[in-house]
$ cat coords.cif   # mmCIF, C-alpha atoms
data_input
#
loop_
_atom_site.group_PDB
_atom_site.id
_atom_site.type_symbol
_atom_site.label_atom_id
_atom_site.label_comp_id
_atom_site.auth_asym_id
_atom_site.auth_seq_id
_atom_site.Cartn_x
_atom_site.Cartn_y
_atom_site.Cartn_z
ATOM 1 C CA MET A 1 -13.423 -64.735 -32.602
ATOM 2 C CA ALA A 2 -16.066 -63.375 -30.276
ATOM 3 C CA PRO A 3 -19.238 -61.715 -31.530
ATOM 4 C CA THR A 4 -19.051 -57.980 -31.961
ATOM 5 C CA ARG A 5 -21.859 -55.561 -31.316
ATOM 6 C CA GLY A 6 -23.826 -54.131 -34.176
ATOM 7 C CA THR A 7 -24.857 -50.517 -34.289
ATOM 8 C CA ASP A 8 -28.578 -51.103 -33.975
ATOM 9 C CA SER A 9 -29.810 -54.513 -32.977
ATOM 10 C CA GLY A 10 -27.224 -56.487 -31.076
ATOM 11 C CA PRO A 11 -24.260 -58.815 -31.538
ATOM 12 C CA VAL A 12 -23.081 -59.561 -35.054
ATOM 13 C CA ASN A 13 -20.585 -62.314 -35.764
ATOM 14 C CA GLN A 14 -17.352 -61.390 -37.469
ATOM 15 C CA LEU A 15 -18.208 -63.545 -40.476
ATOM 16 C CA ARG A 16 -20.279 -60.649 -41.783
ATOM 17 C CA SER A 17 -19.013 -59.208 -45.059
ATOM 18 C CA ASN A 18 -18.807 -55.509 -45.801
ATOM 19 C CA LYS A 19 -22.012 -55.608 -47.844
ATOM 20 C CA PRO A 20 -24.807 -53.815 -45.944
ATOM 21 C CA GLY A 21 -27.706 -55.992 -44.869
ATOM 22 C CA ASN A 22 -25.824 -59.191 -45.705
ATOM 23 C CA ALA A 23 -26.359 -60.880 -42.317
ATOM 24 C CA VAL A 24 -29.482 -62.843 -41.504
ATOM 25 C CA GLN A 25 -30.951 -62.420 -38.024
ATOM 26 C CA ILE A 26 -31.138 -65.225 -35.483
ATOM 27 C CA ILE A 27 -33.591 -64.511 -32.675
ATOM 28 C CA GLY A 28 -32.515 -66.239 -29.484
ATOM 29 C CA ARG A 29 -30.076 -66.063 -26.582
ATOM 30 C CA SER A 30 -26.350 -66.651 -26.198
ATOM 31 C CA SER A 31 -27.202 -68.688 -23.077
ATOM 32 C CA SER A 32 -29.814 -70.816 -24.870
ATOM 33 C CA LEU A 33 -29.212 -74.503 -25.566
ATOM 34 C CA TYR A 34 -31.396 -74.532 -28.677
ATOM 35 C CA THR A 35 -30.085 -71.210 -29.993
ATOM 36 C CA ARG A 36 -26.482 -72.331 -29.798
ATOM 37 C CA VAL A 37 -27.085 -75.181 -32.255
ATOM 38 C CA PRO A 38 -27.662 -72.896 -35.279
ATOM 39 C CA LEU A 39 -24.999 -70.474 -34.046
ATOM 40 C CA VAL A 40 -22.421 -73.279 -34.223
ATOM 41 C CA VAL A 41 -23.691 -74.315 -37.652
ATOM 42 C CA ALA A 42 -23.552 -70.715 -38.906
ATOM 43 C CA HIS A 43 -19.903 -70.467 -37.909
ATOM 44 C CA GLU A 44 -19.072 -73.873 -39.367
ATOM 45 C CA LEU A 45 -20.635 -72.873 -42.696
ATOM 46 C CA GLY A 46 -19.399 -69.273 -42.722
ATOM 47 C CA VAL A 47 -22.890 -67.763 -42.832
ATOM 48 C CA PRO A 48 -23.069 -64.160 -41.562
ATOM 49 C CA TYR A 49 -25.682 -63.606 -38.868
ATOM 50 C CA GLU A 50 -26.885 -61.030 -36.408
ATOM 51 C CA LEU A 51 -28.085 -62.232 -33.012
ATOM 52 C CA ALA A 52 -31.260 -60.524 -31.762
ATOM 53 C CA PRO A 53 -31.318 -61.410 -28.042
ATOM 54 C CA VAL A 54 -34.528 -62.330 -26.212
ATOM 55 C CA PHE A 55 -33.934 -60.970 -22.730
ATOM 56 C CA ASP A 56 -37.106 -62.094 -20.941
ATOM 57 C CA LEU A 57 -38.293 -65.653 -21.499
ATOM 58 C CA THR A 58 -41.296 -65.107 -19.231
ATOM 59 C CA THR A 59 -42.960 -62.717 -21.658
ATOM 60 C CA ALA A 60 -45.992 -63.971 -23.572
ATOM 61 C CA ASP A 61 -45.618 -61.479 -26.408
ATOM 62 C CA SER A 62 -44.999 -63.528 -29.554
ATOM 63 C CA ALA A 63 -43.343 -60.544 -31.272
ATOM 64 C CA VAL A 64 -40.388 -60.961 -28.897
ATOM 65 C CA TYR A 65 -39.843 -64.472 -30.326
ATOM 66 C CA GLY A 66 -39.962 -63.386 -33.970
ATOM 67 C CA ASN A 67 -43.744 -63.889 -33.998
ATOM 68 C CA ASN A 68 -43.378 -67.574 -33.159
ATOM 69 C CA PRO A 69 -46.837 -68.437 -31.758
ATOM 70 C CA ALA A 70 -45.286 -71.175 -29.580
ATOM 71 C CA LEU A 71 -43.234 -68.485 -27.762
ATOM 72 C CA LYS A 72 -39.987 -70.385 -28.353
ATOM 73 C CA ILE A 73 -36.496 -69.690 -29.622
ATOM 74 C CA PRO A 74 -34.612 -69.716 -31.913
ATOM 75 C CA SER A 75 -36.092 -68.214 -35.054
ATOM 76 C CA LEU A 76 -34.427 -67.019 -38.246
ATOM 77 C CA ARG A 77 -35.452 -63.785 -39.954
ATOM 78 C CA ARG A 78 -34.416 -63.304 -43.559
ATOM 79 C CA ALA A 79 -35.787 -61.302 -46.476
ATOM 80 C CA GLY A 80 -39.085 -60.574 -44.746
ATOM 81 C CA SER A 81 -39.658 -64.226 -43.775
ATOM 82 C CA VAL A 82 -39.327 -65.928 -40.381
ATOM 83 C CA LEU A 83 -38.437 -69.588 -39.795
ATOM 84 C CA PHE A 84 -39.048 -71.327 -36.454
ATOM 85 C CA GLY A 85 -36.965 -73.974 -34.662
ATOM 86 C CA ALA A 86 -33.314 -74.951 -34.260
ATOM 87 C CA GLU A 87 -33.202 -77.698 -36.895
ATOM 88 C CA ASN A 88 -35.160 -75.632 -39.431
ATOM 89 C CA VAL A 89 -32.774 -72.737 -38.906
ATOM 90 C CA CYS A 90 -29.763 -75.026 -39.384
ATOM 91 C CA ARG A 91 -31.147 -76.323 -42.662
ATOM 92 C CA ALA A 92 -31.821 -72.780 -43.870
ATOM 93 C CA LEU A 93 -28.241 -71.823 -42.998
ATOM 94 C CA GLU A 94 -27.001 -74.657 -45.200
ATOM 95 C CA ASP A 95 -29.194 -73.299 -48.003
ATOM 96 C CA LEU A 96 -27.688 -69.835 -47.506
ATOM 97 C CA SER A 97 -24.102 -71.037 -47.286
ATOM 98 C CA GLU A 98 -21.665 -70.852 -50.175
ATOM 99 C CA SER A 99 -19.536 -73.445 -48.416
ATOM 100 C CA ARG A 100 -19.207 -76.988 -49.694
ATOM 101 C CA ARG A 101 -18.897 -78.355 -46.183
ATOM 102 C CA ARG A 102 -20.736 -81.632 -45.640
ATOM 103 C CA ILE A 103 -23.383 -81.787 -42.910
ATOM 104 C CA VAL A 104 -24.885 -85.122 -41.875
ATOM 105 C CA TRP A 105 -28.593 -84.712 -41.080
ATOM 106 C CA PRO A 106 -30.733 -87.069 -38.936
ATOM 107 C CA GLU A 107 -32.416 -88.675 -41.941
ATOM 108 C CA GLU A 108 -29.016 -89.926 -43.098
ATOM 109 C CA LEU A 109 -28.562 -92.024 -39.961
ATOM 110 C CA ARG A 110 -29.072 -95.660 -40.961
ATOM 111 C CA SER A 111 -28.670 -97.761 -37.823
ATOM 112 C CA ASP A 112 -31.158 -98.044 -34.982
ATOM 113 C CA LEU A 113 -28.391 -97.137 -32.563
ATOM 114 C CA SER A 114 -27.494 -93.877 -34.286
ATOM 115 C CA ARG A 115 -31.152 -92.928 -34.702
ATOM 116 C CA ASN A 116 -31.808 -93.683 -31.036
ATOM 117 C CA ALA A 117 -28.800 -91.562 -30.105
ATOM 118 C CA GLN A 118 -30.133 -88.518 -31.954
ATOM 119 C CA GLU A 119 -33.611 -89.054 -30.493
ATOM 120 C CA LEU A 120 -32.209 -89.187 -26.975
ATOM 121 C CA VAL A 121 -30.168 -86.039 -27.526
ATOM 122 C CA TRP A 122 -33.382 -84.244 -28.542
ATOM 123 C CA HIS A 123 -35.130 -85.696 -25.479
ATOM 124 C CA CYS A 124 -32.338 -84.608 -23.127
ATOM 125 C CA MET A 125 -32.272 -81.132 -24.657
ATOM 126 C CA ALA A 126 -36.002 -80.749 -24.024
ATOM 127 C CA ALA A 127 -35.616 -82.076 -20.475
ATOM 128 C CA GLN A 128 -32.743 -79.688 -19.804
ATOM 129 C CA VAL A 129 -34.812 -76.677 -20.875
ATOM 130 C CA GLN A 130 -37.777 -77.975 -18.873
ATOM 131 C CA LEU A 131 -35.689 -78.298 -15.720
ATOM 132 C CA VAL A 132 -33.920 -74.965 -16.168
ATOM 133 C CA PHE A 133 -37.160 -73.098 -16.742
ATOM 134 C CA GLY A 134 -39.135 -74.995 -14.117
ATOM 135 C CA THR A 135 -36.681 -75.404 -11.263
ATOM 136 C CA ILE A 136 -34.189 -72.562 -11.777
ATOM 137 C CA ILE A 137 -36.354 -69.813 -13.264
ATOM 138 C CA GLY A 138 -39.742 -70.909 -11.911
ATOM 139 C CA LYS A 139 -38.379 -72.239 -8.572
ATOM 140 C CA LEU A 140 -40.706 -75.260 -8.844
ATOM 141 C CA ASP A 141 -40.150 -78.674 -7.295
ATOM 142 C CA ASN A 142 -42.760 -81.394 -7.728
ATOM 143 C CA ILE A 143 -43.263 -84.946 -8.984
ATOM 144 C CA TYR A 144 -43.532 -83.750 -12.577
ATOM 145 C CA PHE A 145 -39.931 -82.544 -12.545
ATOM 146 C CA THR A 146 -38.836 -85.589 -10.557
ATOM 147 C CA LYS A 147 -39.936 -87.831 -13.421
ATOM 148 C CA ALA A 148 -38.419 -85.464 -15.992
ATOM 149 C CA ARG A 149 -35.088 -85.621 -14.151
ATOM 150 C CA ALA A 150 -35.204 -89.425 -13.973
ATOM 151 C CA GLY A 151 -35.827 -89.676 -17.717
ATOM 152 C CA PHE A 152 -33.122 -87.097 -18.349
ATOM 153 C CA GLU A 153 -30.573 -89.080 -16.350
ATOM 154 C CA GLY A 154 -31.614 -92.299 -18.084
ATOM 155 C CA GLY A 155 -31.107 -90.717 -21.490
ATOM 156 C CA LEU A 156 -27.692 -89.395 -20.507
ATOM 157 C CA ARG A 157 -26.635 -92.799 -19.196
ATOM 158 C CA TRP A 158 -27.624 -94.461 -22.461
ATOM 159 C CA LEU A 159 -25.806 -91.827 -24.490
ATOM 160 C CA ASP A 160 -22.710 -92.180 -22.344
ATOM 161 C CA GLU A 161 -22.694 -95.958 -22.818
ATOM 162 C CA HIS A 162 -23.275 -95.762 -26.584
ATOM 163 C CA CYS A 163 -21.473 -92.528 -27.477
ATOM 164 C CA LYS A 164 -18.469 -94.191 -29.111
ATOM 165 C CA LEU A 165 -20.598 -96.498 -31.263
ATOM 166 C CA ALA A 166 -22.955 -93.659 -32.255
ATOM 167 C CA LEU A 167 -20.050 -91.525 -33.414
ATOM 168 C CA GLU A 168 -18.504 -94.432 -35.316
ATOM 169 C CA ALA A 169 -21.834 -94.993 -37.086
ATOM 170 C CA LEU A 170 -21.755 -91.503 -38.610
ATOM 171 C CA PRO A 171 -20.705 -91.281 -42.277
ATOM 172 C CA ALA A 172 -16.955 -90.844 -42.512
ATOM 173 C CA GLU A 173 -17.359 -88.321 -45.332
ATOM 174 C CA ARG A 174 -18.528 -85.392 -43.241
ATOM 175 C CA ASP A 175 -17.384 -82.057 -41.889
ATOM 176 C CA ILE A 176 -20.030 -81.841 -39.161
ATOM 177 C CA SER A 177 -23.203 -83.641 -38.149
ATOM 178 C CA LEU A 178 -26.283 -82.373 -36.370
ATOM 179 C CA PHE A 179 -25.797 -85.177 -33.858
ATOM 180 C CA GLU A 180 -22.338 -83.961 -32.867
ATOM 181 C CA VAL A 181 -23.383 -80.315 -32.688
ATOM 182 C CA THR A 182 -26.470 -81.002 -30.577
ATOM 183 C CA LEU A 183 -24.557 -83.342 -28.275
ATOM 184 C CA LEU A 184 -21.849 -80.724 -27.706
ATOM 185 C CA CYS A 185 -24.425 -78.034 -26.986
ATOM 186 C CA LEU A 186 -26.266 -80.317 -24.550
ATOM 187 C CA ILE A 187 -23.234 -81.344 -22.483
ATOM 188 C CA GLU A 188 -21.792 -77.848 -22.279
ATOM 189 C CA HIS A 189 -25.191 -76.449 -21.299
ATOM 190 C CA LEU A 190 -25.338 -78.927 -18.422
ATOM 191 C CA GLU A 191 -22.056 -77.516 -17.170
ATOM 192 C CA PHE A 192 -23.086 -73.931 -17.867
ATOM 193 C CA ARG A 193 -26.362 -74.192 -15.949
ATOM 194 C CA GLY A 194 -25.351 -76.825 -13.399
ATOM 195 C CA THR A 195 -28.650 -78.655 -13.776
ATOM 196 C CA LEU A 196 -27.124 -82.112 -13.417
ATOM 197 C CA PRO A 197 -23.553 -83.170 -12.642
ATOM 198 C CA VAL A 198 -21.620 -84.362 -15.686
ATOM 199 C CA ASP A 199 -19.098 -86.516 -13.814
ATOM 200 C CA PRO A 200 -21.238 -89.681 -14.160
ATOM 201 C CA TYR A 201 -20.941 -89.394 -17.966
ATOM 202 C CA PRO A 202 -17.195 -89.547 -18.771
ATOM 203 C CA SER A 203 -17.631 -90.539 -22.425
ATOM 204 C CA LEU A 204 -19.901 -87.567 -23.084
ATOM 205 C CA VAL A 205 -17.557 -85.212 -21.271
ATOM 206 C CA ALA A 206 -14.574 -86.519 -23.252
ATOM 207 C CA PHE A 207 -16.454 -86.004 -26.524
ATOM 208 C CA ALA A 208 -17.459 -82.460 -25.550
ATOM 209 C CA ARG A 209 -13.906 -81.551 -24.504
ATOM 210 C CA THR A 210 -12.598 -82.639 -27.894
ATOM 211 C CA TYR A 211 -15.367 -81.076 -29.992
ATOM 212 C CA ALA A 212 -15.160 -77.829 -28.017
ATOM 213 C CA THR A 213 -11.714 -77.168 -29.509
ATOM 214 C CA ARG A 214 -13.312 -76.415 -32.876
ATOM 215 C CA PRO A 215 -13.332 -72.669 -33.660
ATOM 216 C CA ALA A 216 -17.120 -72.663 -34.144
ATOM 217 C CA ALA A 217 -17.602 -74.050 -30.641
ATOM 218 C CA GLN A 218 -15.195 -71.561 -29.102
ATOM 219 C CA GLN A 219 -16.840 -68.635 -30.870
ATOM 220 C CA THR A 220 -20.309 -69.555 -29.558
ATOM 221 C CA ALA A 221 -19.503 -70.378 -25.930
ATOM 222 C CA TYR A 222 -22.476 -69.907 -23.611
ATOM 223 C CA ARG A 223 -22.811 -66.522 -21.949
ATOM 224 C CA PHE A 224 -25.565 -64.264 -20.703
ATOM 225 C CA ASP A 225 -26.417 -61.441 -23.087
ATOM 226 C CA PRO A 226 -25.928 -58.045 -21.454
ATOM 227 C CA PRO A 227 -29.243 -56.207 -21.065
ATOM 228 C CA PRO A 228 -29.830 -53.239 -23.345
ATOM 229 C CA GLU A 229 -28.726 -49.901 -22.010
ATOM 230 C CA PRO A 230 -31.640 -47.734 -20.845
ATOM 231 C CA VAL A 231 -32.607 -44.983 -23.230
ATOM 232 C CA ALA A 232 -31.480 -41.664 -21.856
ATOM 233 C CA THR A 233 -34.243 -39.136 -21.379
ATOM 234 C CA GLU A 234 -33.629 -35.495 -22.075
ATOM 235 C CA ALA A 235 -33.680 -33.359 -18.948
ATOM 236 C CA ARG A 236 -36.322 -30.676 -18.885
#

$ encode --input "coords.cif" --output "structure tokens"
Amino acid sequence: MAPTRGTDSGPVNQLRSNKPGNAVQIIGRSSSLYTRVPLVVAHELGVPYELAPVFDLTTADSAVYGNNPALKIPSLRRAGSVLFGAENVCRALEDLSESRRRIVWPEELRSDLSRNAQELVWHCMAAQVQLVFGTIIGKLDNIYFTKARAGFEGGLRWLDEHCKLALEALPAERDISLFEVTLLCLIEHLEFRGTLPVDPYPSLVAFARTYATRPAAQQTAYRFDPPPEPVATEAR
């Protein structure tokens, strides 16, 4: 089920109940790698949310980012409080959920391999955003991004080689894990933005194809948020 548009402040997912003001607000972008992580978790846990899109990532006005002083997304606004960061938002969504669904968090990973896998997913996510913002939005091309790309490709190679073992190391008693959600979001964002080719990473692509069949993944597919309609001015 695709997001619907709220009357005042943007897309609202169809999980929202009929109670007014029941949805929390996630500040981010439908095209954002980091924003999609809590959007998937919200759908998996059945937590109502309203997406407040950030249309211009070049702005330095912290109010646009939910008053996040780091000028980053996503943030979660609820009951007069704001929470910063994708993982923090995911944990808050679990707190808000009435579901008994089992999420495996990074601190539950016990083997070095599984911990390394989650670390490298975080690294590759950061590198992806760095390359998108620097080379696609900023049109930059220098040795700094050359090294970032090399490290990005190295991380993806390692993940591709160890993907099967990392997944097998996850607790069997789970509904979702942050590792799986972040890995899905990373691989699909690569395809969405075309930053790096995914063909060299068949294990990662196979995982993403399978995980993308989940309803929560389908309902949060990457897209560009339509800009707000200009406010009509009354003719004099």

$ atom_distance --input "coords.cif" --atom1 "atom CA of A:Leu156" --atom2 "atom CA of A:Val129"
14.6 Å

$ resolve_selection --input "coords.cif" --expression "the PyMOL selection byres ((chain A and resi 76) around 8)" --output "list in words"
Val24, Gln25, Ile26, Ile27, Gly66, Pro74, Ser75, Arg77, Arg78, Val82, Leu83, Phe84 and Val89 of chain A

$ atom_distance --input "coords.cif" --atom1 "atom CA of A:Ala206" --atom2 "atom CA of A:His189"
14.8 Å

$ atom_distance --input "coords.cif" --atom1 "atom CA of A:Ala166" --atom2 "atom CA of A:Ala208"
14.2 Å

$ residues_near_point --input "coords.cif" --point "(-34.9, -66.9, -31.0)" --cutoff "12 Å" --atoms "only C-alpha atoms" --output "VMD selection string"
chain A and resid 25 to 39 50 to 57 62 to 68 70 to 77 82 to 86 89

$ residues_around --input "coords.cif" --residues "A:Arg193" --least-positions-apart "4" --cutoff "10 Å" --atoms "all atoms listed in the file" --output "list in words"
Ser31, Gln128, Val132, Ile136, Glu188, His189, Pro197 and Tyr222 of chain A

$ write_last_selection --input "coords.cif" --atoms "C-alpha atoms" --output "CSV table (one decimal), keeping the file's coordinate frame"
chain,number,residue,atom,x,y,z
A,31,SER,CA,-27.2,-68.7,-23.1
A,128,GLN,CA,-32.7,-79.7,-19.8
A,132,VAL,CA,-33.9,-75.0,-16.2
A,136,ILE,CA,-34.2,-72.6,-11.8
A,188,GLU,CA,-21.8,-77.8,-22.3
A,189,HIS,CA,-25.2,-76.4,-21.3
A,197,PRO,CA,-23.6,-83.2,-12.6
A,222,TYR,CA,-22.5,-69.9,-23.6

$ residues_near_point --input "coords.cif" --point "(-21.7, -83.5, -46.5)" --cutoff "7 Å" --atoms "all atoms listed in the file" --output "PyMOL selection string"
chain A and resi 101-104+173-175

$ closest_residue --input "coords.cif" --among "A:Leu45, A:Ala150, A:Val205, A:Ala172" --to "A:Leu96" --atoms "all atoms listed in the file"
A:Leu45

$ resolve_selection --input "coords.cif" --expression "the PyMOL selection byres ((chain A and resi 215) around 12)" --output "list of chain:residue names"
A:Met1, A:Ala2, A:Leu39, A:Val40, A:Val41, A:Ala42, A:His43, A:Glu44, A:Leu45, A:Gly46, A:Thr210, A:Tyr211, A:Ala212, A:Thr213, A:Arg214, A:Ala216, A:Ala217, A:Gln218, A:Gln219, A:Thr220, A:Ala221

$ closest_residue --input "coords.cif" --among "A:Arg110, A:Arg157, A:Ala127, A:Ser81" --to "A:Tyr201" --atoms "only C-alpha atoms"
A:Arg157

$ closest_residue --input "coords.cif" --among "A:Arg91, A:Leu165, A:Asp160, A:Pro200" --to "A:Asp112" --atoms "all atoms listed in the file"
A:Leu165

$ residues_around --input "coords.cif" --residues "A:Leu159" --least-positions-apart "5" --cutoff "8 Å" --atoms "all atoms listed in the file" --output "list of chain:residue names"
A:Ala117, A:Leu120, A:Val121, A:Leu204

$ closest_residue --input "coords.cif" --among "A:His123, A:Lys147, A:Arg100, A:Arg115" --to "A:Leu186" --atoms "all atoms listed in the file"
A:His123

$ closest_residue --input "coords.cif" --among "A:Gly134, A:Leu178, A:Gly154, A:Thr59" --to "A:Asn88" --atoms "all atoms listed in the file"
A:Leu178

$ closest_residue --input "coords.cif" --among "A:Leu93, A:Phe207, A:Ser99, A:Gly155" --to "A:Leu167" --atoms "only C-alpha atoms"
A:Phe207

$ residues_around --input "coords.cif" --residues "A:Leu196" --least-positions-apart "6" --cutoff "9 Å" --atoms "all atoms listed in the file" --output "PyMOL selection string"
chain A and resi 128+149+153+190

$ write_last_selection --input "coords.cif" --atoms "C-alpha atoms" --output "compact mmCIF listing (two decimals), keeping the file's coordinate frame"
# COMPACT_ATOMS: atom_id res chain seq x y z
CA GLN A 128 -32.74 -79.69 -19.80
CA ARG A 149 -35.09 -85.62 -14.15
CA GLU A 153 -30.57 -89.08 -16.35
CA LEU A 190 -25.34 -78.93 -18.42
